[in-house]
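Report on the structure given below.
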Amino acid sequence: MEEKTKRAIRAGIILAFVIVVIGLLIYSRIQAYSLAPTSTPIELRGYPLWAIPLVYLYDYFSHGTICLLFAFTVAGLIYEFVPKEAITKYMGSSRAVGYALALGIAPFLTVCSCTMVPLFGGVLYAGAGIGPAITFLLMAPASNILAILLTGELISWELAGVRIIASVTVALVAGIVISKTPWGKAVEKEHKINNAASATAKVEIVKPPLDERLWAALKFGGYLAKQILPYFILGLVVVSYLEAFLPEEIIKTYLTGVGGVLLASVLGGPLYTPTLVEIVLGRGIWVREGVILSKGALLSWLMGQPYDFANAMAVSRIAKWKVVATYVIIAWAGSVTFGLLYGFLSGSL
Amino acid sequence: MKEVKVEVIGPDPPCSRCQAAKWAVEKAAEKLKQAGIMVNIEKANIMSKEVVQKYGVLVSPAIAINNTVKIMGRVPSPEEVEKLIMEAAK
(Lines give C-alpha, C1' and ligand atoms only; values in the text may rest on other atoms or scores of the structure.)
Protein backbone atom coordinates (compact mmCIF):
# COMPACT_ATOMS: atom_id res chain seq x y z
CA MET A 1 0.00 0.00 0.00
CA GLU A 2 2.74 2.40 0.97
CA GLU A 3 4.64 1.64 -2.22
CA LYS A 4 1.49 2.49 -4.15
CA THR A 5 1.00 5.89 -2.54
CA LYS A 6 4.66 6.71 -3.06
CA ARG A 7 4.32 5.94 -6.75
CA ALA A 8 1.12 7.92 -7.04
CA ILE A 9 2.76 10.94 -5.44
CA ARG A 10 5.76 10.69 -7.74
CA ALA A 11 3.52 10.40 -10.80
CA GLY A 12 1.51 13.35 -9.53
CA ILE A 13 4.60 15.55 -9.20
CA ILE A 14 5.78 14.76 -12.73
CA LEU A 15 2.30 15.29 -14.16
CA ALA A 16 2.11 18.64 -12.38
CA PHE A 17 5.40 19.61 -14.01
CA VAL A 18 4.08 18.64 -17.43
CA ILE A 19 0.88 20.61 -16.86
CA VAL A 20 2.89 23.66 -15.79
CA VAL A 21 5.01 23.44 -18.96
CA ILE A 22 1.94 23.18 -21.17
CA GLY A 23 0.25 25.93 -19.17
CA LEU A 24 3.22 28.25 -19.65
CA LEU A 25 3.07 27.78 -23.39
CA ILE A 26 -0.66 28.44 -23.50
CA TYR A 27 -0.20 31.47 -21.27
CA SER A 28 2.47 32.88 -23.57
CA ARG A 29 0.07 32.29 -26.45
CA ILE A 30 -2.76 34.15 -24.76
CA GLN A 31 -0.44 37.02 -23.93
CA ALA A 32 0.56 37.05 -27.61
CA TYR A 33 4.09 37.12 -26.40
CA SER A 34 6.66 36.38 -29.08
CA LEU A 35 8.60 33.17 -28.57
CA ALA A 36 11.10 34.03 -31.26
CA PRO A 37 13.98 36.49 -31.02
CA THR A 38 13.01 40.09 -31.64
CA SER A 39 16.35 41.79 -32.32
CA THR A 40 16.52 43.71 -35.57
CA PRO A 41 19.59 43.78 -37.85
CA ILE A 42 20.26 47.41 -37.01
CA GLU A 43 20.24 46.71 -33.28
CA LEU A 44 22.53 43.73 -33.70
CA ARG A 45 25.03 45.63 -35.83
CA GLY A 46 25.41 48.12 -33.01
CA TYR A 47 27.23 45.58 -30.85
CA PRO A 48 30.89 44.55 -31.15
CA LEU A 49 31.43 41.47 -33.31
CA TRP A 50 32.03 39.06 -30.44
CA ALA A 51 28.96 40.19 -28.56
CA ILE A 52 26.48 39.64 -31.38
CA PRO A 53 25.97 35.90 -30.75
CA LEU A 54 25.68 36.50 -27.02
CA VAL A 55 23.04 39.18 -27.44
CA TYR A 56 21.16 37.02 -29.90
CA LEU A 57 21.37 33.90 -27.72
CA TYR A 58 20.17 35.89 -24.72
CA ASP A 59 17.36 37.30 -26.82
CA TYR A 60 16.46 33.82 -28.03
CA PHE A 61 16.54 32.06 -24.71
CA SER A 62 14.69 34.78 -22.86
CA HIS A 63 11.86 34.18 -25.31
CA GLY A 64 12.32 30.64 -26.51
CA THR A 65 13.00 28.62 -23.36
CA ILE A 66 9.31 27.89 -22.82
CA CYS A 67 8.99 26.71 -26.36
CA LEU A 68 12.04 24.43 -26.16
CA LEU A 69 10.99 23.07 -22.79
CA PHE A 70 7.55 22.34 -24.17
CA ALA A 71 8.90 20.74 -27.35
CA PHE A 72 11.28 18.38 -25.57
CA THR A 73 8.78 17.47 -22.85
CA VAL A 74 6.06 16.67 -25.37
CA ALA A 75 8.47 14.76 -27.61
CA GLY A 76 9.60 12.65 -24.66
CA LEU A 77 6.03 11.96 -23.52
CA ILE A 78 4.79 10.99 -26.95
CA TYR A 79 7.75 8.76 -27.59
CA GLU A 80 7.22 6.96 -24.30
CA PHE A 81 3.47 6.52 -24.62
CA VAL A 82 3.14 5.69 -28.29
CA PRO A 83 2.32 1.97 -28.37
CA LYS A 84 5.51 0.76 -30.00
CA GLU A 85 4.70 -2.91 -29.96
CA ALA A 86 1.45 -2.38 -31.83
CA ILE A 87 3.32 -0.53 -34.53
CA THR A 88 6.12 -2.99 -34.95
CA LYS A 89 3.65 -5.84 -34.96
CA TYR A 90 1.62 -4.46 -37.83
CA MET A 91 4.29 -2.61 -39.72
CA GLY A 92 5.40 -5.74 -41.51
CA SER A 93 1.97 -7.19 -42.11
CA SER A 94 0.86 -5.69 -45.40
CA ARG A 95 1.62 -2.96 -47.83
CA ALA A 96 -1.38 -0.73 -47.10
CA VAL A 97 -0.98 -0.99 -43.33
CA GLY A 98 2.73 -0.38 -43.75
CA TYR A 99 2.11 2.86 -45.62
CA ALA A 100 -0.50 4.03 -43.16
CA LEU A 101 1.70 3.37 -40.15
CA ALA A 102 4.76 4.85 -41.81
CA LEU A 103 2.89 8.09 -42.40
CA GLY A 104 0.92 8.22 -39.21
CA ILE A 105 3.38 6.99 -36.65
CA ALA A 106 6.86 7.71 -37.96
CA PRO A 107 6.69 11.35 -36.87
CA PHE A 108 6.03 10.33 -33.28
CA LEU A 109 8.40 7.45 -33.04
CA THR A 110 11.56 8.68 -34.49
CA VAL A 111 12.74 11.82 -32.91
CA CYS A 112 16.02 10.02 -32.55
CA SER A 113 17.75 9.18 -35.81
CA CYS A 114 19.43 6.05 -34.45
CA THR A 115 16.05 4.31 -34.23
CA MET A 116 15.16 5.26 -37.78
CA VAL A 117 17.57 3.32 -39.95
CA PRO A 118 17.16 0.07 -37.96
CA LEU A 119 13.41 0.39 -38.31
CA PHE A 120 13.84 0.93 -42.01
CA GLY A 121 15.77 -2.34 -42.19
CA GLY A 122 13.25 -4.13 -40.01
CA VAL A 123 10.27 -3.03 -42.04
CA LEU A 124 11.99 -4.04 -45.25
CA TYR A 125 13.02 -7.47 -44.00
CA ALA A 126 9.75 -8.24 -42.33
CA GLY A 127 7.87 -8.16 -45.57
CA ALA A 128 5.99 -4.88 -45.83
CA GLY A 129 8.27 -4.18 -48.73
CA ILE A 130 10.49 -1.38 -49.79
CA GLY A 131 7.66 1.09 -50.40
CA PRO A 132 6.55 1.56 -46.79
CA ALA A 133 10.17 1.37 -45.66
CA ILE A 134 11.13 4.31 -47.87
CA THR A 135 8.00 6.24 -46.90
CA PHE A 136 8.89 5.72 -43.29
CA LEU A 137 12.44 6.85 -43.81
CA LEU A 138 11.46 10.05 -45.58
CA MET A 139 8.60 10.83 -43.27
CA ALA A 140 10.44 10.53 -40.01
CA PRO A 141 12.90 13.42 -40.25
CA ALA A 142 10.67 15.55 -42.45
CA SER A 143 7.93 15.96 -39.93
CA ASN A 144 8.85 14.59 -36.56
CA ILE A 145 7.06 16.33 -33.72
CA LEU A 146 10.06 18.31 -32.57
CA ALA A 147 10.65 19.74 -36.03
CA ILE A 148 6.99 20.61 -36.47
CA LEU A 149 6.65 22.19 -33.04
CA LEU A 150 9.71 24.36 -33.59
CA THR A 151 8.78 25.28 -37.15
CA GLY A 152 5.43 26.39 -35.81
CA GLU A 153 6.82 28.34 -32.88
CA LEU A 154 9.81 29.91 -34.60
CA ILE A 155 8.52 30.49 -38.11
CA SER A 156 4.79 30.05 -38.51
CA TRP A 157 2.15 27.44 -37.90
CA GLU A 158 0.95 27.82 -41.46
CA LEU A 159 4.36 26.79 -42.73
CA ALA A 160 4.50 23.93 -40.24
CA GLY A 161 1.14 22.66 -41.56
CA VAL A 162 2.22 22.93 -45.15
CA ARG A 163 5.44 21.16 -44.25
CA ILE A 164 3.45 18.20 -42.93
CA ILE A 165 1.22 17.98 -46.00
CA ALA A 166 4.16 18.31 -48.36
CA SER A 167 6.28 15.69 -46.62
CA VAL A 168 3.39 13.21 -46.41
CA THR A 169 2.85 13.53 -50.14
CA VAL A 170 6.50 13.30 -51.07
CA ALA A 171 7.14 10.35 -48.75
CA LEU A 172 4.16 8.46 -50.12
CA VAL A 173 5.03 9.15 -53.76
CA ALA A 174 8.65 8.16 -53.22
CA GLY A 175 7.60 4.91 -51.52
CA ILE A 176 5.15 3.95 -54.24
CA VAL A 177 7.44 4.91 -57.12
CA ILE A 178 10.42 3.03 -55.72
CA SER A 179 8.38 -0.09 -55.05
CA LYS A 180 7.49 -0.09 -58.76
CA THR A 181 11.03 0.26 -60.11
CA PRO A 182 12.98 -2.86 -61.13
CA TRP A 183 15.83 -2.02 -58.75
CA GLY A 184 13.41 -1.42 -55.90
CA LYS A 185 11.83 -4.80 -56.52
CA ALA A 186 15.26 -6.42 -56.62
CA VAL A 187 16.14 -5.08 -53.17
CA GLU A 188 12.78 -6.21 -51.84
CA LYS A 189 13.28 -9.71 -53.17
CA GLU A 190 16.76 -9.97 -51.82
CA HIS A 191 15.79 -8.95 -48.30
CA LYS A 192 12.42 -10.49 -47.83
CA ILE A 193 12.34 -13.13 -45.18
CA ASN A 194 9.89 -15.92 -45.57
CA ASN A 195 7.82 -16.70 -42.57
CA ALA A 196 8.99 -14.07 -40.12
CA ALA A 197 8.75 -14.60 -36.37
CA SER A 198 9.40 -18.19 -35.46
CA ALA A 199 7.63 -20.05 -32.70
CA THR A 200 10.49 -19.99 -30.22
CA ALA A 201 10.67 -16.25 -29.89
CA LYS A 202 8.04 -14.02 -28.36
CA VAL A 203 7.51 -10.38 -27.73
CA GLU A 204 5.95 -9.66 -24.35
CA ILE A 205 6.61 -6.08 -23.50
CA VAL A 206 6.73 -5.32 -19.81
CA LYS A 207 5.06 -2.07 -18.81
CA PRO A 208 6.59 -0.34 -15.83
CA PRO A 209 4.37 1.63 -13.43
CA LEU A 210 3.12 5.08 -14.45
CA ASP A 211 5.55 7.11 -12.37
CA GLU A 212 8.50 5.30 -13.89
CA ARG A 213 7.13 5.76 -17.39
CA LEU A 214 6.60 9.47 -16.83
CA TRP A 215 10.07 9.83 -15.45
CA ALA A 216 11.48 7.88 -18.39
CA ALA A 217 9.59 10.21 -20.73
CA LEU A 218 11.18 13.27 -19.16
CA LYS A 219 14.55 11.60 -19.20
CA PHE A 220 14.16 10.88 -22.88
CA GLY A 221 13.18 14.48 -23.50
CA GLY A 222 16.36 15.49 -21.67
CA TYR A 223 18.38 13.08 -23.77
CA LEU A 224 16.97 14.60 -26.94
CA ALA A 225 17.78 18.06 -25.68
CA LYS A 226 21.35 17.01 -24.97
CA GLN A 227 21.67 15.63 -28.49
CA ILE A 228 20.10 18.54 -30.27
CA LEU A 229 20.79 21.69 -28.27
CA PRO A 230 24.54 21.98 -28.96
CA TYR A 231 23.84 22.07 -32.71
CA PHE A 232 20.88 24.28 -32.15
CA ILE A 233 22.94 26.84 -30.23
CA LEU A 234 25.69 26.71 -32.84
CA GLY A 235 23.01 27.34 -35.43
CA LEU A 236 21.80 30.35 -33.47
CA VAL A 237 25.33 31.76 -33.40
CA VAL A 238 25.54 31.52 -37.19
CA VAL A 239 22.07 33.00 -37.49
CA SER A 240 22.98 35.97 -35.32
CA TYR A 241 25.65 36.97 -37.85
CA LEU A 242 23.36 36.22 -40.76
CA GLU A 243 20.68 38.44 -39.31
CA ALA A 244 23.11 41.22 -38.59
CA PHE A 245 25.08 41.26 -41.82
CA LEU A 246 23.26 39.42 -44.58
CA PRO A 247 21.61 42.24 -46.51
CA GLU A 248 17.95 41.83 -47.29
CA GLU A 249 18.67 42.71 -50.92
CA ILE A 250 20.86 39.64 -51.41
CA ILE A 251 18.16 37.35 -50.12
CA LYS A 252 15.55 39.10 -52.22
CA THR A 253 17.73 38.76 -55.33
CA TYR A 254 18.96 35.19 -54.96
CA LEU A 255 16.76 33.40 -52.50
CA THR A 256 13.28 34.35 -53.60
CA GLY A 257 11.28 33.56 -56.70
CA VAL A 258 11.70 30.45 -58.83
CA GLY A 259 15.49 30.65 -58.69
CA GLY A 260 15.30 31.05 -54.92
CA VAL A 261 13.23 27.89 -54.57
CA LEU A 262 15.70 25.94 -56.70
CA LEU A 263 18.69 27.25 -54.80
CA ALA A 264 17.04 26.68 -51.42
CA SER A 265 16.10 23.11 -52.28
CA VAL A 266 19.66 22.36 -53.36
CA LEU A 267 21.27 24.05 -50.35
CA GLY A 268 18.89 22.44 -47.88
CA GLY A 269 20.05 18.91 -48.62
CA PRO A 270 23.79 18.57 -48.93
CA LEU A 271 24.35 21.20 -46.27
CA TYR A 272 23.32 18.44 -43.89
CA THR A 273 21.86 20.26 -41.01
CA PRO A 274 21.41 18.04 -37.98
CA THR A 275 17.81 18.08 -36.79
CA LEU A 276 16.29 21.44 -36.02
CA VAL A 277 19.21 23.59 -37.12
CA GLU A 278 17.57 23.97 -40.50
CA ILE A 279 14.68 25.71 -38.77
CA VAL A 280 16.85 28.31 -37.08
CA LEU A 281 18.97 28.81 -40.18
CA GLY A 282 15.92 29.09 -42.38
CA ARG A 283 14.50 31.67 -40.04
CA GLY A 284 17.78 33.57 -40.02
CA ILE A 285 17.88 33.72 -43.79
CA TRP A 286 14.29 34.32 -44.84
CA VAL A 287 12.57 35.96 -41.92
CA ARG A 288 13.27 39.65 -41.58
CA GLU A 289 11.57 41.53 -38.77
CA GLY A 290 8.77 39.04 -38.65
CA VAL A 291 8.11 38.98 -42.38
CA ILE A 292 8.84 35.88 -44.44
CA LEU A 293 10.53 37.06 -47.62
CA SER A 294 9.66 33.94 -49.59
CA LYS A 295 7.41 31.28 -48.12
CA GLY A 296 8.04 29.05 -51.12
CA ALA A 297 11.81 29.08 -50.84
CA LEU A 298 11.68 28.59 -47.07
CA LEU A 299 9.49 25.53 -47.49
CA SER A 300 11.89 24.08 -50.07
CA TRP A 301 14.75 24.69 -47.71
CA LEU A 302 13.00 22.93 -44.83
CA MET A 303 12.04 20.00 -47.02
CA GLY A 304 15.58 19.61 -48.26
CA GLN A 305 16.52 17.85 -45.07
CA PRO A 306 15.29 14.31 -45.72
CA TYR A 307 17.74 13.69 -48.50
CA ASP A 308 20.77 14.58 -46.48
CA PHE A 309 23.95 12.60 -46.98
CA ALA A 310 24.28 10.98 -43.59
CA ASN A 311 20.93 9.28 -43.98
CA ALA A 312 21.55 8.34 -47.58
CA MET A 313 24.84 6.70 -46.63
CA ALA A 314 23.26 4.64 -43.89
CA VAL A 315 20.49 3.50 -46.16
CA SER A 316 22.76 2.63 -49.04
CA ARG A 317 24.28 -0.04 -46.84
CA ILE A 318 20.99 -1.91 -47.03
CA ALA A 319 19.42 -0.75 -50.25
CA LYS A 320 21.21 -0.36 -53.55
CA TRP A 321 22.59 3.02 -54.57
CA LYS A 322 19.96 3.17 -57.31
CA VAL A 323 17.24 3.14 -54.69
CA VAL A 324 19.00 5.86 -52.75
CA ALA A 325 19.46 7.93 -55.91
CA THR A 326 15.78 7.54 -56.79
CA TYR A 327 14.59 8.68 -53.41
CA VAL A 328 17.00 11.58 -53.34
CA ILE A 329 15.71 12.74 -56.73
CA ILE A 330 12.08 12.36 -55.76
CA ALA A 331 12.63 14.16 -52.47
CA TRP A 332 14.40 16.98 -54.29
CA ALA A 333 11.73 17.23 -56.99
CA GLY A 334 9.10 17.23 -54.26
CA SER A 335 10.75 20.05 -52.36
CA VAL A 336 10.94 22.15 -55.55
CA THR A 337 7.37 21.38 -56.59
CA PHE A 338 5.90 22.15 -53.20
CA GLY A 339 8.09 25.20 -52.77
CA LEU A 340 6.87 26.65 -56.05
CA LEU A 341 3.27 25.63 -55.49
CA TYR A 342 3.11 27.02 -51.98
CA GLY A 343 4.95 30.16 -52.99
CA PHE A 344 2.57 30.68 -55.87
CA LEU A 345 -0.60 29.95 -53.91
CA SER A 346 0.36 32.04 -50.92
CA GLY A 347 1.60 34.86 -53.13
CA SER A 348 4.99 34.76 -51.47
CA LEU A 349 7.44 33.22 -53.88
CA MET B 1 23.48 -22.42 -10.97
CA LYS B 2 20.75 -21.14 -13.20
CA GLU B 3 21.47 -19.65 -16.56
CA VAL B 4 19.57 -16.88 -18.27
CA LYS B 5 20.23 -15.62 -21.76
CA VAL B 6 19.84 -11.88 -22.26
CA GLU B 7 20.06 -10.34 -25.70
CA VAL B 8 20.63 -6.62 -26.03
CA ILE B 9 19.31 -5.72 -29.45
CA GLY B 10 20.43 -2.54 -31.13
CA PRO B 11 22.02 -1.23 -34.28
CA ASP B 12 25.61 -1.81 -35.15
CA PRO B 13 27.56 0.45 -34.61
CA PRO B 14 25.68 0.89 -31.33
CA CYS B 15 23.79 4.06 -30.49
CA SER B 16 24.25 5.71 -27.12
CA ARG B 17 20.89 4.58 -25.79
CA CYS B 18 21.67 0.98 -26.67
CA GLN B 19 24.93 1.24 -24.80
CA ALA B 20 23.03 2.57 -21.81
CA ALA B 21 20.71 -0.44 -22.04
CA LYS B 22 23.68 -2.80 -22.20
CA TRP B 23 25.21 -1.11 -19.18
CA ALA B 24 22.01 -1.68 -17.21
CA VAL B 25 22.04 -5.36 -18.13
CA GLU B 26 25.69 -5.71 -17.17
CA LYS B 27 25.03 -4.06 -13.81
CA ALA B 28 22.13 -6.39 -13.16
CA ALA B 29 24.21 -9.40 -14.19
CA GLU B 30 26.94 -8.51 -11.72
CA LYS B 31 24.48 -8.42 -8.87
CA LEU B 32 22.72 -11.60 -9.90
CA LYS B 33 25.98 -13.50 -10.05
CA GLN B 34 26.12 -13.30 -6.26
CA ALA B 35 22.56 -14.61 -6.09
CA GLY B 36 23.62 -17.63 -8.13
CA ILE B 37 22.17 -16.68 -11.47
CA MET B 38 24.45 -16.80 -14.46
CA VAL B 39 23.56 -14.17 -17.05
CA ASN B 40 24.82 -14.65 -20.59
CA ILE B 41 24.78 -11.30 -22.29
CA GLU B 42 24.68 -11.32 -26.06
CA LYS B 43 24.65 -8.38 -28.39
CA ALA B 44 22.32 -8.78 -31.33
CA ASN B 45 22.19 -6.57 -34.37
CA ILE B 46 18.71 -5.18 -34.91
CA MET B 47 19.41 -4.88 -38.62
CA SER B 48 20.39 -8.51 -39.14
CA LYS B 49 18.04 -10.88 -40.87
CA GLU B 50 18.34 -13.37 -38.03
CA VAL B 51 16.97 -10.92 -35.49
CA VAL B 52 14.12 -9.77 -37.73
CA GLN B 53 13.29 -13.36 -38.53
CA LYS B 54 13.23 -14.24 -34.87
CA TYR B 55 11.45 -11.25 -33.37
CA GLY B 56 9.97 -9.23 -36.22
CA VAL B 57 10.40 -5.48 -36.38
CA LEU B 58 11.75 -3.92 -33.20
CA VAL B 59 12.45 -0.46 -31.91
CA SER B 60 15.96 -0.08 -30.55
CA PRO B 61 17.15 -0.56 -27.86
CA ALA B 62 15.40 -3.84 -27.12
CA ILE B 63 16.16 -6.45 -24.49
CA ALA B 64 15.15 -10.07 -24.84
CA ILE B 65 15.33 -12.45 -21.90
CA ASN B 66 15.36 -16.15 -22.73
CA ASN B 67 14.13 -15.44 -26.27
CA THR B 68 11.31 -13.15 -25.22
CA VAL B 69 11.50 -9.46 -25.92
CA LYS B 70 10.61 -7.74 -22.67
CA ILE B 71 11.79 -4.21 -23.28
CA MET B 72 11.65 -2.19 -26.45
CA GLY B 73 12.50 1.38 -27.32
CA ARG B 74 13.58 2.46 -23.88
CA VAL B 75 16.48 2.24 -21.46
CA PRO B 76 15.56 0.35 -18.29
CA SER B 77 17.16 0.74 -14.88
CA PRO B 78 19.50 -2.03 -13.64
CA GLU B 79 16.95 -2.84 -10.92
CA GLU B 80 14.22 -3.41 -13.44
CA VAL B 81 16.41 -5.70 -15.54
CA GLU B 82 17.38 -7.56 -12.38
CA LYS B 83 13.75 -8.16 -11.51
CA LEU B 84 12.94 -9.39 -15.01
CA ILE B 85 15.89 -11.78 -15.05
CA MET B 86 14.94 -13.12 -11.62
CA GLU B 87 11.45 -13.86 -12.89
CA ALA B 88 12.89 -15.65 -15.91
CA ALA B 89 15.22 -17.71 -13.71
CA LYS B 90 12.40 -19.05 -11.55
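By order in the C-alpha coordinates, chains are A, B, ...; within a chain, residues start at 1; ligands start at 1, following the order shown.
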Discussion item. Residues of chain B within 9 Å of chain A, counting only C-alpha atoms, what are they? List them as a ChimeraX atom specification.
Written reply: /B:10-11,14-17,46-49,51-61,64,66-76,80,84
Practice prompt. Apply DSSP to the backbone of this structure and, from region 25-94 of chain A, keep only the residues in helix (DSSP H, G or I); write these as a VMD selection string.
Written response: chain A and resid 25 to 30 41 to 45 51 to 81 84 to 91
Worksheet item: Which neighbours of region 164-174 of chain A fall inside 7 Å, counting only C-alpha atoms, when residues of the same chain fewer than 4 positions from it are skipped, and could you give them as a list in words?
Response: Leu103, Thr135, Leu138, Met139, Ala142, Ser143, Ala160, Ile178, Tyr327, Ile330, Ala331, Gly334 and Phe338 of chain A
Practice prompt. Take CA of Ile251 (chain A) and CA of Leu298 (chain A) and report the distance between them in Å, one decimal.
Written response: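 If I compute the distance from CA of Ile251 (chain A) to CA of Leu298 (chain A), I get 11.3 Å.
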Discussion item. Please compute the CA of Ala62 (chain B)-CA of Val25 (chain B) distance, one decimal, in Å.
Written reply: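 Rounded to one decimal, the two atoms are 11.3 Å apart.
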Within 12 Å of Leu255 (chain A), counting only C-alpha atoms, which residues show up once you throw out same-chain ones fewer than 5 positions away? Write them as a short mmCIF file (atom, residue, chain, number, x, y, z; two decimals) with N, CA and C atoms, in the first residue's frame, please.
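Result file follows (selection.cif):
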```
data_model
loop_
_atom_site.label_atom_id
_atom_site.label_comp_id
_atom_site.auth_asym_id
_atom_site.auth_seq_id
_atom_site.Cartn_x
_atom_site.Cartn_y
_atom_site.Cartn_z
N LEU A 246 23.71 39.84 -43.26
CA LEU A 246 23.26 39.42 -44.58
C LEU A 246 22.21 40.43 -45.07
N PRO A 247 22.56 41.21 -46.09
CA PRO A 247 21.61 42.24 -46.51
C PRO A 247 20.34 41.64 -47.11
N GLU A 248 19.24 42.28 -46.81
CA GLU A 248 17.95 41.83 -47.29
C GLU A 248 17.93 41.75 -48.81
N GLU A 249 18.69 42.65 -49.45
CA GLU A 249 18.67 42.71 -50.92
C GLU A 249 19.21 41.41 -51.51
N ILE A 250 20.27 40.88 -50.89
CA ILE A 250 20.86 39.64 -51.41
C ILE A 250 19.85 38.51 -51.36
N GLY A 260 15.12 31.18 -56.37
CA GLY A 260 15.30 31.05 -54.92
C GLY A 260 14.86 29.69 -54.43
N VAL A 261 13.73 29.21 -54.95
CA VAL A 261 13.23 27.89 -54.57
C VAL A 261 14.24 26.82 -54.97
N LEU A 262 14.73 26.93 -56.21
CA LEU A 262 15.70 25.94 -56.70
C LEU A 262 16.95 25.96 -55.84
N LEU A 263 17.47 27.13 -55.59
CA LEU A 263 18.69 27.25 -54.80
C LEU A 263 18.47 26.73 -53.38
N ALA A 264 17.34 27.10 -52.79
CA ALA A 264 17.04 26.68 -51.42
C ALA A 264 16.93 25.16 -51.33
N SER A 265 16.29 24.56 -52.33
CA SER A 265 16.10 23.11 -52.28
C SER A 265 17.43 22.40 -52.41
N VAL A 266 18.35 22.97 -53.18
CA VAL A 266 19.66 22.36 -53.36
C VAL A 266 20.51 22.55 -52.10
N LEU A 267 20.47 23.76 -51.55
CA LEU A 267 21.27 24.05 -50.35
C LEU A 267 20.78 23.25 -49.15
N GLY A 282 16.93 28.63 -41.44
CA GLY A 282 15.92 29.09 -42.38
C GLY A 282 15.30 30.39 -41.90
N ILE A 285 17.70 33.26 -42.41
CA ILE A 285 17.88 33.72 -43.79
C ILE A 285 16.63 34.43 -44.32
N TRP A 286 15.46 33.80 -44.14
CA TRP A 286 14.29 34.32 -44.84
C TRP A 286 13.36 35.23 -44.03
N VAL A 287 13.50 35.15 -42.70
CA VAL A 287 12.57 35.96 -41.92
C VAL A 287 13.25 37.25 -41.48
N ILE A 292 8.17 36.91 -43.66
CA ILE A 292 8.84 35.88 -44.44
C ILE A 292 9.01 36.41 -45.86
N LEU A 293 10.27 36.48 -46.30
CA LEU A 293 10.53 37.06 -47.62
C LEU A 293 10.02 36.16 -48.74
N SER A 294 10.20 34.85 -48.59
CA SER A 294 9.66 33.94 -49.59
C SER A 294 9.23 32.65 -48.91
N LYS A 295 7.92 32.49 -48.78
CA LYS A 295 7.41 31.28 -48.12
C LYS A 295 7.78 30.04 -48.91
N GLY A 296 7.74 30.19 -50.24
CA GLY A 296 8.04 29.05 -51.12
C GLY A 296 9.46 28.54 -50.92
N ALA A 297 10.41 29.47 -50.97
CA ALA A 297 11.81 29.08 -50.84
C ALA A 297 12.09 28.50 -49.46
N LEU A 298 11.48 29.08 -48.44
CA LEU A 298 11.68 28.59 -47.07
C LEU A 298 11.16 27.16 -46.93
N LEU A 299 10.02 26.89 -47.56
CA LEU A 299 9.49 25.53 -47.49
C LEU A 299 10.44 24.55 -48.18
N SER A 300 10.95 24.94 -49.35
CA SER A 300 11.89 24.08 -50.07
C SER A 300 13.12 23.80 -49.23
N TRP A 301 13.58 24.82 -48.58
CA TRP A 301 14.75 24.69 -47.71
C TRP A 301 14.47 23.69 -46.59
N GLY A 339 7.61 23.84 -53.00
CA GLY A 339 8.09 25.20 -52.77
C GLY A 339 7.44 26.17 -53.75
N SER A 348 3.71 34.37 -52.07
CA SER A 348 4.99 34.76 -51.47
C SER A 348 6.08 33.84 -52.00
N LEU A 349 6.47 34.11 -53.24
CA LEU A 349 7.44 33.22 -53.88
C LEU A 349 8.86 33.78 -53.69
#
```
Worksheet item: Near Ile85 (chain B), within 10 Å and counting only C-alpha atoms, which residues show up once chain neighbours fewer than 4 positions away are dropped, as a list of chain:residue names?
Response: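 The residues that qualify are B:Glu3, B:Val4, B:Lys5, B:Val6, B:Val25, B:Ala28, B:Ala29, B:Leu32, B:Ile37, B:Met38, B:Val39, B:Ala64, B:Ile65, B:Asn66, B:Glu79, B:Glu80, B:Val81, B:Ala89, B:Lys90.
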Could you write out that same residue set with N, CA and C atoms as a tab-separated table (two decimals), in the first residue's frame?
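Full text of out-v6.tsv as output:
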```
chain	number	residue	atom	x	y	z
B	3	GLU	N	20.97	-20.49	-15.48
B	3	GLU	CA	21.47	-19.65	-16.56
B	3	GLU	C	20.34	-18.92	-17.27
B	4	VAL	N	20.57	-17.66	-17.55
B	4	VAL	CA	19.57	-16.88	-18.27
B	4	VAL	C	20.27	-16.20	-19.45
B	5	LYS	N	19.65	-16.27	-20.59
B	5	LYS	CA	20.23	-15.62	-21.76
B	5	LYS	C	19.57	-14.25	-21.97
B	6	VAL	N	20.38	-13.22	-22.04
B	6	VAL	CA	19.84	-11.88	-22.26
B	6	VAL	C	20.44	-11.31	-23.54
B	25	VAL	N	22.06	-3.89	-18.18
B	25	VAL	CA	22.04	-5.36	-18.13
B	25	VAL	C	23.30	-5.88	-17.45
B	28	ALA	N	23.05	-5.41	-13.75
B	28	ALA	CA	22.13	-6.39	-13.16
B	28	ALA	C	22.81	-7.76	-13.10
B	29	ALA	N	23.55	-8.10	-14.13
B	29	ALA	CA	24.21	-9.40	-14.19
B	29	ALA	C	25.21	-9.55	-13.06
B	32	LEU	N	23.39	-10.31	-9.91
B	32	LEU	CA	22.72	-11.60	-9.90
B	32	LEU	C	23.71	-12.75	-9.76
B	37	ILE	N	22.75	-16.61	-10.13
B	37	ILE	CA	22.17	-16.68	-11.47
B	37	ILE	C	23.20	-16.22	-12.48
B	38	MET	N	23.45	-17.09	-13.44
B	38	MET	CA	24.45	-16.80	-14.46
B	38	MET	C	23.75	-16.10	-15.63
B	39	VAL	N	24.20	-14.89	-15.96
B	39	VAL	CA	23.56	-14.17	-17.05
B	39	VAL	C	24.49	-14.13	-18.26
B	64	ALA	N	15.88	-8.82	-24.85
B	64	ALA	CA	15.15	-10.07	-24.84
B	64	ALA	C	15.75	-10.98	-23.78
B	65	ILE	N	14.87	-11.54	-22.95
B	65	ILE	CA	15.33	-12.45	-21.90
B	65	ILE	C	14.80	-13.83	-22.23
B	66	ASN	N	15.72	-14.79	-22.32
B	66	ASN	CA	15.36	-16.15	-22.73
B	66	ASN	C	14.44	-16.17	-23.95
B	79	GLU	N	17.85	-2.13	-11.85
B	79	GLU	CA	16.95	-2.84	-10.92
B	79	GLU	C	15.83	-3.53	-11.67
B	80	GLU	N	15.33	-2.82	-12.69
B	80	GLU	CA	14.22	-3.41	-13.44
B	80	GLU	C	14.68	-4.66	-14.19
B	81	VAL	N	15.86	-4.56	-14.81
B	81	VAL	CA	16.41	-5.70	-15.54
B	81	VAL	C	16.62	-6.86	-14.57
B	89	ALA	N	14.40	-16.63	-14.27
B	89	ALA	CA	15.22	-17.71	-13.71
B	89	ALA	C	14.40	-18.66	-12.84
B	90	LYS	N	13.23	-18.22	-12.43
B	90	LYS	CA	12.40	-19.05	-11.55
B	90	LYS	C	12.02	-20.36	-12.19
```
Worksheet item: Pick from A:Ala319, A:Ala102, A:Val187, A:Ala147: nearest to Leu276 (chain A), with only C-alpha atoms counted?
Response: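 Looking only at the distances to Leu276 (chain A), the closest residue turns out to be A:Ala147.
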